[in-house]
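Only one structure is covered here, and it is reproduced in the block below.
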Amino acid sequence: MAAFHLLKKIDANQLSKLIDSFQKEHVNVNYQPSRHLLEFSEGEELSVRLPFFIKYEHHKIIPSNFLIVLIHSGEAALAYSEEDQITEHKMVKAYMVRQKQGKSQIKHLKTKGKSKAGSRVRLAGTDHFFEEINEKISEWNEYYDIDKIAISCNKTLQPYFFNRSDAALKKDDNRIIKIPKHIQEANFENLTSIHKYLISTELNFENSEKDFIKELVLNITNE
């Protein structure tokens with residue numbers, strides 16, 4: 001990957017001008033939907049991770065809405081973003097962790113087998129936890145036009161989220177993009193931090209592009 005990067009909040013008009021400028025310098029343009037990424041030359045010498053409040057269709061920048069879904073054992077943070085503003089959010093908690101071991105009941109069952117009474121209570125909490133998450137996502141899906149869904153959910157929990165009979169999302173939903181950052185806890189502070197990251201434009205480039213890109217970004221954002 002490129003030796004330098006810039007992370008900056010750029011509005012849709014400024015971003016459109018920036019992309020037009022890159023296209024004049026680089027003939028090849030490749031869009032990767034799974035990463036919401038534009039590559040302007042072979043070998044990723046210059047790439048742009050687009051902000052989630054826009055979608056890229058037919059070489060055009062279009063305003064869009066998106067969801068953020070952060071899921072950890074016993075806690076989830078969900079948000080609906082209308083373009084670049086969070087307009088709704090929901091925090092979900094459940095009793096899923098074994099007190100002595102500090103390990104989720106799901107992980108415990110994978111290694112220890114059948115559960116006892118306390119474990120069954122935790123499993124019931126787990127079921128309600130994912131039910132509540134899916135209800136909120138289904139509600140947002142029904143009422144809003146959602147173009148992208150940014151998700152952070154570890155592999156152990158994914159079957160309990162995607163494979164339910166009432167699952168709001170399927171794993172192969174083409175709107176889903178994995179958040180390319182490690183998130184320690186699914187709390188409101190991290191939710192807002194990730195939102196700030198997702199509505200920013202991330203430029204990755206080689207040393208040879210450094211001065212050109214910095215000057216270009218400065219000129220466009222100061223107009």
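Identifiers in the structure tokens: chain A, B, ... in order shown; residue index from 1 per chain; ligand index from 1 in order shown.
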What parts of region 13-60 of chain A does DSSP call helix (DSSP H, G or I)? I'd like the answer as a PyMOL selection string.
chain A and resi 13-25+42-44
Write out, as a compact mmCIF listing (two decimals), in the first residue's frame, the residues just selected, with C-alpha atoms.
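And here's part31.txt as it stands now:
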```
# COMPACT_ATOMS: atom_id res chain seq x y z
CA ASN A 13 -18.79 18.89 -4.12
CA GLN A 14 -15.16 19.07 -3.02
CA LEU A 15 -14.80 15.31 -3.36
CA SER A 16 -16.22 15.43 -6.89
CA LYS A 17 -13.65 18.07 -7.86
CA LEU A 18 -10.86 16.03 -6.28
CA ILE A 19 -11.83 12.88 -8.18
CA ASP A 20 -12.08 14.83 -11.45
CA SER A 21 -8.55 16.14 -10.85
CA PHE A 22 -7.22 12.63 -10.18
CA GLN A 23 -8.91 11.31 -13.32
CA LYS A 24 -7.12 13.92 -15.42
CA GLU A 25 -3.76 12.70 -14.06
CA GLU A 42 -2.33 -0.04 -11.09
CA GLY A 43 -0.67 -1.28 -7.92
CA GLU A 44 -2.66 1.11 -5.68
```
Which residues, written as a ChimeraX atom specification, have at least one atom at most 10 Å from Tyr144 (chain A), with only C-alpha atoms counted and residues fewer than 2 positions away on the same chain left out?
/A:65-66,80,82,139-142,146-147
I need the chosen residues saved as a PDB file, in the first residue's frame, with N, CA and C atoms.
```
ATOM      1  N   ASN A  65     -27.345   7.392   2.461  1.00  0.00           N
ATOM      2  CA  ASN A  65     -27.504   7.134   3.887  1.00  0.00           C
ATOM      3  C   ASN A  65     -26.897   5.770   4.217  1.00  0.00           C
ATOM      4  N   PHE A  66     -26.479   5.597   5.476  1.00  0.00           N
ATOM      5  CA  PHE A  66     -25.857   4.323   5.830  1.00  0.00           C
ATOM      6  C   PHE A  66     -26.097   3.963   7.298  1.00  0.00           C
ATOM      7  N   TYR A  80     -28.088   5.017  12.551  1.00  0.00           N
ATOM      8  CA  TYR A  80     -28.522   5.364  11.194  1.00  0.00           C
ATOM      9  C   TYR A  80     -28.011   6.765  10.899  1.00  0.00           C
ATOM     10  N   GLU A  82     -28.025   9.878   8.295  1.00  0.00           N
ATOM     11  CA  GLU A  82     -28.650  10.555   7.155  1.00  0.00           C
ATOM     12  C   GLU A  82     -27.560  11.409   6.524  1.00  0.00           C
ATOM     13  N   GLU A 139     -36.337  -2.261  11.264  1.00  0.00           N
ATOM     14  CA  GLU A 139     -37.123  -1.023  11.311  1.00  0.00           C
ATOM     15  C   GLU A 139     -36.486   0.047  10.428  1.00  0.00           C
ATOM     16  N   TRP A 140     -35.196   0.240  10.548  1.00  0.00           N
ATOM     17  CA  TRP A 140     -34.500   1.234   9.726  1.00  0.00           C
ATOM     18  C   TRP A 140     -34.544   0.856   8.248  1.00  0.00           C
ATOM     19  N   ASN A 141     -34.413  -0.450   7.972  1.00  0.00           N
ATOM     20  CA  ASN A 141     -34.464  -0.927   6.587  1.00  0.00           C
ATOM     21  C   ASN A 141     -35.806  -0.624   5.938  1.00  0.00           C
ATOM     22  N   GLU A 142     -36.843  -0.706   6.748  1.00  0.00           N
ATOM     23  CA  GLU A 142     -38.197  -0.493   6.234  1.00  0.00           C
ATOM     24  C   GLU A 142     -38.495   0.978   5.968  1.00  0.00           C
ATOM     25  N   ILE A 146     -31.278   2.815   2.551  1.00  0.00           N
ATOM     26  CA  ILE A 146     -29.940   2.587   3.100  1.00  0.00           C
ATOM     27  C   ILE A 146     -29.039   2.013   2.008  1.00  0.00           C
ATOM     28  N   ASP A 147     -27.944   2.722   1.733  1.00  0.00           N
ATOM     29  CA  ASP A 147     -27.052   2.319   0.642  1.00  0.00           C
ATOM     30  C   ASP A 147     -25.859   1.501   1.108  1.00  0.00           C
TER      31      ASP A 147
END
```
Neighbours of Ser41 (chain A) within 8 Å (only C-alpha atoms; same-chain residues fewer than 4 positions away dropped), as a PDB file with N, CA and C atoms, in the first residue's frame?
```pdb
ATOM      1  N   HIS A  26      -4.645  10.422 -13.990  1.00  0.00           N
ATOM      2  CA  HIS A  26      -4.564   8.960 -14.059  1.00  0.00           C
ATOM      3  C   HIS A  26      -5.716   8.434 -14.914  1.00  0.00           C
ATOM      4  N   VAL A  27      -5.388   7.720 -15.961  1.00  0.00           N
ATOM      5  CA  VAL A  27      -6.403   7.238 -16.905  1.00  0.00           C
ATOM      6  C   VAL A  27      -7.231   6.101 -16.307  1.00  0.00           C
ATOM      7  N   ASN A  28      -6.567   5.158 -15.631  1.00  0.00           N
ATOM      8  CA  ASN A  28      -7.266   3.984 -15.108  1.00  0.00           C
ATOM      9  C   ASN A  28      -7.955   4.280 -13.780  1.00  0.00           C
ATOM     10  N   VAL A  29      -9.255   3.967 -13.725  1.00  0.00           N
ATOM     11  CA  VAL A  29     -10.016   4.149 -12.493  1.00  0.00           C
ATOM     12  C   VAL A  29     -10.771   2.855 -12.204  1.00  0.00           C
ATOM     13  N   GLU A  45      -1.015   2.809  -6.348  1.00  0.00           N
ATOM     14  CA  GLU A  45      -0.164   3.970  -6.086  1.00  0.00           C
ATOM     15  C   GLU A  45      -0.980   5.153  -5.585  1.00  0.00           C
ATOM     16  N   LEU A  46      -2.237   5.217  -6.034  1.00  0.00           N
ATOM     17  CA  LEU A  46      -3.140   6.270  -5.585  1.00  0.00           C
ATOM     18  C   LEU A  46      -4.536   5.673  -5.421  1.00  0.00           C
ATOM     19  N   SER A  47      -5.062   5.727  -4.203  1.00  0.00           N
ATOM     20  CA  SER A  47      -6.410   5.216  -3.959  1.00  0.00           C
ATOM     21  C   SER A  47      -7.145   6.140  -2.994  1.00  0.00           C
TER      22      SER A  47
END
```
Pick out the closest residue to Arg35 (chain A) from this set: A:Arg49, A:Lys55, A:Lys148, A:His182. Count only C-alpha atoms.
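Smallest distance to Arg35 (chain A) is found for A:Arg49.
Ranking A:Leu78, A:Ala186, A:Ile54, A:Leu157 by their shortest atom-to-atom distance to Glu135 (chain A), with only C-alpha atoms included, puts A:Leu78 first.
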Would you kindly return, as a list in words, each protein, DNA or RNA residue with an atom no farther than 10 Å from any atom of Leu70 (chain A), considering only C-alpha atoms and excluding same-chain residues fewer than 5 positions away?
Glu75, Ala76, Ala77, Leu78, Ala79, Met91, Ala150, Ile151, Ser152, Cys153, Asn154, Ile179, Ile183, Glu185, Ala186, Asn187, Phe188, Asn190, Leu191 and Ile194 of chain A
Among region 59-220 of chain A, which ones does DSSP place in strand (DSSP E), written as number ranges by chain?
A: 60-63, 66-72, 75-82, 85-93, 97-98, 103-104, 148-153, 176-178, 201-205
Could you list, as a list of chain:residue names, every residue within 8 Å of region 197-203 of chain A, counting only C-alpha atoms and ignoring same-chain residues fewer than 4 positions away?
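Counting only the stated atoms, we get A:His5, A:Leu6, A:Leu7, A:Lys8, A:Lys9, A:Ile10, A:Leu46, A:Ser47, A:Val48, A:Arg49, A:Leu50, A:Pro51, A:Phe52, A:Phe53, A:Asp84, A:Ser193.
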Neighbouring residues of Ile133 (chain A) were defined as those with any atom within 10 Å, considering only C-alpha atoms; residues of the same chain fewer than 4 positions away were excluded. Please report them as a list in words.
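These residues fall inside the cut-off: Val69, Ile71, Glu75, Ala76, Ala77, Leu78, Lys90, Met91, Val92, Lys93, His128, Phe129, Ile137, Ser138, Phe161, Ala167 and Ala168 of chain A.
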Measuring atom to atom with only C-alpha atoms, identify which of A:Gly74, A:Phe40, A:Thr156, A:Asn30 is nearest to Phe205 (chain A).
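Of A:Gly74, A:Phe40, A:Thr156, A:Asn30, the one nearest Phe205 (chain A) is A:Phe40, counting only C-alpha atoms.
Straight-line separation from CA of His36 (chain A) to CA of Asp166 (chain A): 27.9 Å.
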